[in-house]
>>> print(open('run-v1.pdb').read())   # PDB, C-alpha atoms
ATOM      1  CA  MET P   1       0.000   0.000   0.000  1.00  0.00           C
ATOM      2  CA  ILE P   2       2.960   2.305   0.533  1.00  0.00           C
ATOM      3  CA  GLU P   3       3.252   2.848  -3.228  1.00  0.00           C
ATOM      4  CA  PHE P   4      -0.200   4.479  -3.370  1.00  0.00           C
ATOM      5  CA  ASP P   5      -0.414   8.262  -2.926  1.00  0.00           C
ATOM      6  CA  ALA P   6      -2.812   8.925  -0.045  1.00  0.00           C
ATOM      7  CA  ASP P   7      -2.952  12.649  -0.755  1.00  0.00           C
ATOM      8  CA  LEU P   8      -3.965  12.170  -4.388  1.00  0.00           C
ATOM      9  CA  ILE P   9      -6.586   9.561  -3.494  1.00  0.00           C
ATOM     10  CA  TYR P  10      -7.940  11.673  -0.613  1.00  0.00           C
ATOM     11  CA  ASN P  11      -8.267  14.754  -2.827  1.00  0.00           C
ATOM     12  CA  GLY P  12     -10.031  12.717  -5.525  1.00  0.00           C
ATOM     13  CA  ILE P  13     -12.569  11.388  -3.022  1.00  0.00           C
ATOM     14  CA  VAL P  14     -13.142  14.847  -1.536  1.00  0.00           C
ATOM     15  CA  GLU P  15     -13.770  16.153  -5.048  1.00  0.00           C
ATOM     16  CA  LYS P  16     -16.290  13.379  -5.760  1.00  0.00           C
ATOM     17  CA  ILE P  17     -18.117  14.126  -2.526  1.00  0.00           C
ATOM     18  CA  SER P  18     -18.175  17.870  -3.190  1.00  0.00           C
ATOM     19  CA  LYS P  19     -19.722  17.197  -6.620  1.00  0.00           C
ATOM     20  CA  GLY P  20     -22.353  14.982  -5.021  1.00  0.00           C
ATOM     21  CA  GLU P  21     -21.085  11.881  -6.819  1.00  0.00           C
ATOM     22  CA  ARG P  22     -21.719   8.462  -5.325  1.00  0.00           C
ATOM     23  CA  LEU P  23     -18.602   6.776  -3.972  1.00  0.00           C
ATOM     24  CA  SER P  24     -17.715   3.365  -5.364  1.00  0.00           C
ATOM     25  CA  LYS P  25     -16.814   0.376  -3.188  1.00  0.00           C
ATOM     26  CA  GLN P  26     -13.209   0.981  -4.255  1.00  0.00           C
ATOM     27  CA  ASP P  27     -13.438   4.585  -3.014  1.00  0.00           C
ATOM     28  CA  LEU P  28     -14.823   3.389   0.320  1.00  0.00           C
ATOM     29  CA  MET P  29     -12.017   0.860   0.723  1.00  0.00           C
ATOM     30  CA  SER P  30      -9.450   3.497  -0.268  1.00  0.00           C
ATOM     31  CA  ILE P  31     -10.703   5.750   2.522  1.00  0.00           C
ATOM     32  CA  VAL P  32     -10.061   3.011   5.069  1.00  0.00           C
ATOM     33  CA  LEU P  33      -6.606   2.260   3.660  1.00  0.00           C
ATOM     34  CA  LEU P  34      -5.410   5.892   3.482  1.00  0.00           C
ATOM     35  CA  PRO P  35      -3.471   5.606   6.776  1.00  0.00           C
ATOM     36  CA  ILE P  36      -1.113   2.986   5.355  1.00  0.00           C
ATOM     37  CA  MET P  37      -0.446   4.784   2.072  1.00  0.00           C
ATOM     38  CA  LYS P  38       2.388   7.248   1.510  1.00  0.00           C
ATOM     39  CA  SER P  39       1.544  10.846   2.338  1.00  0.00           C
ATOM     40  CA  LYS P  40       2.999  14.159   3.397  1.00  0.00           C
ATOM     41  CA  ASP P  41       0.754  13.900   6.481  1.00  0.00           C
ATOM     42  CA  ASP P  42       1.372  11.764   9.559  1.00  0.00           C
ATOM     43  CA  LYS P  43      -0.773   8.714  10.417  1.00  0.00           C
ATOM     44  CA  MET P  44      -2.853  10.645  12.950  1.00  0.00           C
ATOM     45  CA  THR P  45      -3.819  13.227  10.331  1.00  0.00           C
ATOM     46  CA  ARG P  46      -4.597  10.527   7.768  1.00  0.00           C
ATOM     47  CA  ILE P  47      -6.778   8.608  10.230  1.00  0.00           C
ATOM     48  CA  THR P  48      -8.575  11.812  11.190  1.00  0.00           C
ATOM     49  CA  ASN P  49      -9.152  12.535   7.493  1.00  0.00           C
ATOM     50  CA  CYS P  50     -10.558   9.018   7.074  1.00  0.00           C
ATOM     51  CA  ILE P  51     -13.001   9.573   9.923  1.00  0.00           C
ATOM     52  CA  ASP P  52     -14.140  12.878   8.447  1.00  0.00           C
ATOM     53  CA  LEU P  53     -14.692  11.298   5.023  1.00  0.00           C
ATOM     54  CA  THR P  54     -16.503   8.315   6.531  1.00  0.00           C
ATOM     55  CA  LYS P  55     -18.982  10.582   8.270  1.00  0.00           C
ATOM     56  CA  ARG P  56     -20.063  11.746   4.813  1.00  0.00           C
ATOM     57  CA  VAL P  57     -20.921   8.203   3.622  1.00  0.00           C
ATOM     58  CA  GLU P  58     -24.676   7.878   3.283  1.00  0.00           C
ATOM     59  CA  ASN P  59     -25.079   4.088   3.242  1.00  0.00           C
ATOM     60  CA  LYS P  60     -25.450   2.998   6.884  1.00  0.00           C
ATOM     61  CA  THR P  61     -23.878  -0.435   6.378  1.00  0.00           C
ATOM     62  CA  ASP P  62     -20.869   1.008   4.545  1.00  0.00           C
ATOM     63  CA  TYR P  63     -20.554   3.675   7.235  1.00  0.00           C
ATOM     64  CA  GLU P  64     -20.601   1.149  10.083  1.00  0.00           C
ATOM     65  CA  GLN P  65     -18.115  -1.179   8.412  1.00  0.00           C
ATOM     66  CA  MET P  66     -15.759   1.669   7.618  1.00  0.00           C
ATOM     67  CA  LEU P  67     -15.838   3.018  11.176  1.00  0.00           C
ATOM     68  CA  GLY P  68     -15.020  -0.434  12.502  1.00  0.00           C
ATOM     69  CA  MET P  69     -12.082  -0.790  10.118  1.00  0.00           C
ATOM     70  CA  ILE P  70     -10.795   2.692  10.923  1.00  0.00           C
ATOM     71  CA  LEU P  71     -10.929   1.906  14.632  1.00  0.00           C
ATOM     72  CA  LEU P  72      -8.979  -1.290  13.974  1.00  0.00           C
ATOM     73  CA  MET P  73      -6.428   0.669  11.933  1.00  0.00           C
ATOM     74  CA  ALA P  74      -6.115   3.344  14.636  1.00  0.00           C
ATOM     75  CA  THR P  75      -5.617   0.697  17.325  1.00  0.00           C
ATOM     76  CA  LYS P  76      -2.799  -0.849  15.298  1.00  0.00           C
ATOM     77  CA  PHE P  77      -0.953   2.373  14.462  1.00  0.00           C
ATOM     78  CA  LEU P  78      -1.661   4.814  17.286  1.00  0.00           C
ATOM     79  CA  LYS P  79      -1.082   4.809  21.030  1.00  0.00           C
ATOM     80  CA  GLY P  80      -1.854   6.967  24.053  1.00  0.00           C
ATOM     81  CA  ASN P  81      -3.350  10.409  23.486  1.00  0.00           C
ATOM     82  CA  ASP P  82      -3.520   9.992  19.713  1.00  0.00           C
ATOM     83  CA  LEU P  83      -5.575   6.814  20.029  1.00  0.00           C
ATOM     84  CA  GLN P  84      -7.819   8.466  22.618  1.00  0.00           C
ATOM     85  CA  LYS P  85      -8.393  11.451  20.312  1.00  0.00           C
ATOM     86  CA  VAL P  86      -9.380   9.110  17.483  1.00  0.00           C
ATOM     87  CA  LYS P  87     -11.805   7.238  19.737  1.00  0.00           C
ATOM     88  CA  GLU P  88     -13.387  10.513  20.767  1.00  0.00           C
ATOM     89  CA  ARG P  89     -13.637  11.640  17.160  1.00  0.00           C
ATOM     90  CA  LEU P  90     -15.194   8.321  16.162  1.00  0.00           C
ATOM     91  CA  ASN P  91     -17.804   8.873  18.860  1.00  0.00           C
ATOM     92  CA  MET P  92     -17.355   5.511  20.529  1.00  0.00           C
ATOM     93  CA  ASN P  93     -20.854   5.650  22.016  1.00  0.00           C
ATOM     94  CA  GLU P  94     -22.308   5.752  18.512  1.00  0.00           C
ATOM     95  CA  LEU P  95     -20.091   2.857  17.445  1.00  0.00           C
ATOM     96  CA  ILE P  96     -21.087   0.785  20.486  1.00  0.00           C
ATOM     97  CA  GLU P  97     -24.778   1.460  19.785  1.00  0.00           C
ATOM     98  CA  MET P  98     -24.364   0.384  16.161  1.00  0.00           C
ATOM     99  CA  PHE P  99     -22.767  -2.896  17.232  1.00  0.00           C
ATOM    100  CA  LYS P 100     -25.497  -3.453  19.839  1.00  0.00           C
ATOM    101  CA  THR P 101     -28.184  -2.866  17.222  1.00  0.00           C
ATOM    102  CA  ASP P 102     -26.497  -5.265  14.799  1.00  0.00           C
ATOM    103  CA  LYS P 103     -26.379  -7.915  17.522  1.00  0.00           C
ATOM    104  CA  ALA P 104     -30.037  -7.279  18.460  1.00  0.00           C
ATOM    105  CA  ILE P 105     -31.027  -7.737  14.802  1.00  0.00           C
ATOM    106  CA  GLU P 106     -29.066 -10.974  14.593  1.00  0.00           C
ATOM    107  CA  ILE P 107     -30.803 -12.299  17.728  1.00  0.00           C
ATOM    108  CA  ALA P 108     -34.219 -11.135  16.539  1.00  0.00           C
ATOM    109  CA  LYS P 109     -33.791 -12.953  13.226  1.00  0.00           C
ATOM    110  CA  LYS P 110     -33.018 -16.181  15.081  1.00  0.00           C
ATOM    111  CA  PHE P 111     -36.144 -15.796  17.235  1.00  0.00           C
ATOM    112  CA  ILE P 112     -38.280 -14.983  14.190  1.00  0.00           C
ATOM    113  CA  ALA P 113     -36.968 -18.024  12.328  1.00  0.00           C
ATOM    114  CA  GLN P 114     -38.101 -20.243  15.209  1.00  0.00           C
ATOM    115  CA  GLY P 115     -41.622 -18.982  14.598  1.00  0.00           C
ATOM    116  CA  ASN P 116     -42.993 -19.596  18.073  1.00  0.00           C
ATOM    117  CA  ILE P 117     -42.159 -16.259  19.728  1.00  0.00           C
ATOM    118  CA  SER P 118     -44.317 -13.148  19.351  1.00  0.00           C
ATOM    119  CA  LEU P 119     -42.846  -9.966  17.894  1.00  0.00           C
ATOM    120  CA  GLU P 120     -43.798  -8.196  21.129  1.00  0.00           C
ATOM    121  CA  SER P 121     -41.672 -10.654  23.130  1.00  0.00           C
ATOM    122  CA  ILE P 122     -38.782 -10.235  20.704  1.00  0.00           C
ATOM    123  CA  ALA P 123     -39.133  -6.438  20.984  1.00  0.00           C
ATOM    124  CA  ASP P 124     -38.940  -6.705  24.778  1.00  0.00           C
ATOM    125  CA  ALA P 125     -35.847  -8.916  24.593  1.00  0.00           C
ATOM    126  CA  THR P 126     -33.946  -6.945  21.958  1.00  0.00           C
ATOM    127  CA  GLY P 127     -35.139  -3.363  22.339  1.00  0.00           C
ATOM    128  CA  LEU P 128     -36.029  -3.219  18.636  1.00  0.00           C
ATOM    129  CA  ASP P 129     -39.341  -1.644  17.670  1.00  0.00           C
ATOM    130  CA  ILE P 130     -42.232  -3.632  16.191  1.00  0.00           C
ATOM    131  CA  GLU P 131     -41.952  -1.925  12.798  1.00  0.00           C
ATOM    132  CA  LYS P 132     -38.299  -3.003  12.494  1.00  0.00           C
ATOM    133  CA  LEU P 133     -39.234  -6.526  13.602  1.00  0.00           C
ATOM    134  CA  GLU P 134     -41.975  -6.720  10.976  1.00  0.00           C
ATOM    135  CA  ASP P 135     -39.396  -5.796   8.328  1.00  0.00           C
ATOM    136  CA  LEU P 136     -37.019  -8.422   9.711  1.00  0.00           C
ATOM    137  CA  LYS P 137     -39.817 -11.010   9.725  1.00  0.00           C
ATOM    138  CA  ALA P 138     -40.467 -10.386   6.026  1.00  0.00           C
ATOM    139  CA  GLU P 139     -36.733 -10.648   5.353  1.00  0.00           C
ATOM    140  CA  VAL P 140     -36.432 -13.931   7.273  1.00  0.00           C
ATOM    141  CA  GLU P 141     -39.504 -15.362   5.544  1.00  0.00           C
ATOM    142  CA  ASN P 142     -38.002 -14.458   2.150  1.00  0.00           C
ATOM    143  CA  GLU P 143     -34.706 -16.119   3.087  1.00  0.00           C
ATOM    144  CA  ILE P 144     -36.534 -19.267   4.215  1.00  0.00           C
ATOM    145  CA  ALA P 145     -38.604 -19.323   1.024  1.00  0.00           C
ATOM    146  CA  LEU P 146     -35.479 -19.022  -1.101  1.00  0.00           C
ATOM    147  CA  THR P 147     -33.766 -21.932   0.651  1.00  0.00           C
ATOM    148  CA  ASN P 148     -36.774 -24.260   0.251  1.00  0.00           C
TER     149      ASN P 148
END
>>> encode(input="run-v1.pdb", output="structure tokens")
Amino acid sequence: MIEFDADLIYNGIVEKISKGERLSKQDLMSIVLLPIMKSKDDKMTRITNCIDLTKRVENKTDYEQMLGMILLMATKFLKGNDLQKVKERLNMNELIEMFKTDKAIEIAKKFIAQGNISLESIADATGLDIEKLEDLKAEVENEIALTN
């Protein structure tokens, strides 16, 4: 990755965003990998730039995955105050909530697939609302139908 120019890639992505263009999967992955590319900036600056770009990603799944990867990257390359600053900038509470919600959805899908537990009971157990559970139920039923 060291042969890639982080500054050039960063500027290209910023330009795409400013024009309102949709970022490709390659662009999203490039954002995450910016810290390990060559640059005039230090790793802390590159990671901070990654976080700022990620916050402009509209797709929730892409956003969550990118934040997780950036946190992993920061943990590998930064220590002490720098790592703490990155965690604060990432808004760790938001990240924790996203992971909790993902886990709650995973659990809810398992309950729904069993078919013998009411959505109200699943809502009580997971904290998800009934509307979300109804969507998940339709999704699970589609998955089951496709496998049969």
>>> closest_residue(input="run-v1.pdb", among="P:Leu146, P:Pro35, P:Ile51, P:Asp42", to="Lys85 of chain P", atoms="only C-alpha atoms")
P:Ile51
>>> closest_atom_pairs(input="run-v1.pdb", of="segment 29-87 of chain P", to="segment 3-24 of chain P", cutoff="9 Å", atoms="only C-alpha atoms", output="tab-separated table")
residue	atom	partner	partner_atom	distance
P:Met29	CA	P:Ser24	CA	8.7
P:Ser30	CA	P:Ile9	CA	7.4
P:Ile31	CA	P:Tyr10	CA	7.2
P:Leu33	CA	P:Ala6	CA	8.5
P:Leu34	CA	P:Ala6	CA	5.3
P:Pro35	CA	P:Ala6	CA	7.6
P:Ile36	CA	P:Ala6	CA	8.2
P:Met37	CA	P:Ala6	CA	5.2
P:Lys38	CA	P:Asp5	CA	5.3
P:Ser39	CA	P:Ala6	CA	5.3
P:Lys40	CA	P:Asp7	CA	7.4
P:Asp41	CA	P:Asp7	CA	8.2
P:Arg46	CA	P:Ala6	CA	8.2
P:Asn49	CA	P:Tyr10	CA	8.2
P:Cys50	CA	P:Tyr10	CA	8.5
P:Leu53	CA	P:Val14	CA	7.6
P:Arg56	CA	P:Ile17	CA	8.0
P:Val57	CA	P:Leu23	CA	8.1
>>> residues_around(input="run-v1.pdb", residues="segment 68-71 of chain P", least_positions_apart="5", cutoff="8 Å", atoms="only C-alpha atoms", output="ChimeraX atom specification")
/P:32,47,50-51,86-87,90,95
>>> closest_residue(input="run-v1.pdb", among="P:Leu128, P:Met73, P:Ile96, P:Ala138", to="Ala108 of chain P", atoms="all atoms listed in the file")
P:Leu128
>>> atom_distance(input="run-v1.pdb", atom1="atom CA of Asp129 of chain P", atom2="atom CA of Leu67 of chain P")
24.8 Å
>>> closest_residue(input="run-v1.pdb", among="P:Arg89, P:Leu78, P:Gln26, P:Phe99", to="Thr61 of chain P", atoms="only C-alpha atoms")
P:Phe99
>>> resolve_selection(input="run-v1.pdb", expression="the PyMOL selection byres ((chain P and resi 110) around 12)", output="VMD selection string")
chain P and resid 103 to 109 111 to 117 119 122 126 133 136 to 137 139 to 141 144
>>> write_last_selection(input="run-v1.pdb", atoms="C-alpha atoms", output="short mmCIF file (atom, residue, chain, number, x, y, z; two decimals), in the frame of the given file")
data_model
loop_
_atom_site.label_atom_id
_atom_site.label_comp_id
_atom_site.auth_asym_id
_atom_site.auth_seq_id
_atom_site.Cartn_x
_atom_site.Cartn_y
_atom_site.Cartn_z
CA LYS P 103 -26.38 -7.92 17.52
CA ALA P 104 -30.04 -7.28 18.46
CA ILE P 105 -31.03 -7.74 14.80
CA GLU P 106 -29.07 -10.97 14.59
CA ILE P 107 -30.80 -12.30 17.73
CA ALA P 108 -34.22 -11.14 16.54
CA LYS P 109 -33.79 -12.95 13.23
CA PHE P 111 -36.14 -15.80 17.24
CA ILE P 112 -38.28 -14.98 14.19
CA ALA P 113 -36.97 -18.02 12.33
CA GLN P 114 -38.10 -20.24 15.21
CA GLY P 115 -41.62 -18.98 14.60
CA ASN P 116 -42.99 -19.60 18.07
CA ILE P 117 -42.16 -16.26 19.73
CA LEU P 119 -42.85 -9.97 17.89
CA ILE P 122 -38.78 -10.24 20.70
CA THR P 126 -33.95 -6.94 21.96
CA LEU P 133 -39.23 -6.53 13.60
CA LEU P 136 -37.02 -8.42 9.71
CA LYS P 137 -39.82 -11.01 9.72
CA GLU P 139 -36.73 -10.65 5.35
CA VAL P 140 -36.43 -13.93 7.27
CA GLU P 141 -39.50 -15.36 5.54
CA ILE P 144 -36.53 -19.27 4.22
#
>>> atom_distance(input="run-v1.pdb", atom1="atom CA of Lys60 of chain P", atom2="atom CA of Ala123 of chain P")
21.8 Å
>>> closest_residue(input="run-v1.pdb", among="P:Lys76, P:Ser118, P:Thr54, P:Gln65", to="Asp102 of chain P", atoms="only C-alpha atoms")
P:Gln65
>>> closest_residue(input="run-v1.pdb", among="P:Glu88, P:Asp135, P:Glu143, P:Asp27", to="Ala74 of chain P", atoms="only C-alpha atoms")
P:Glu88
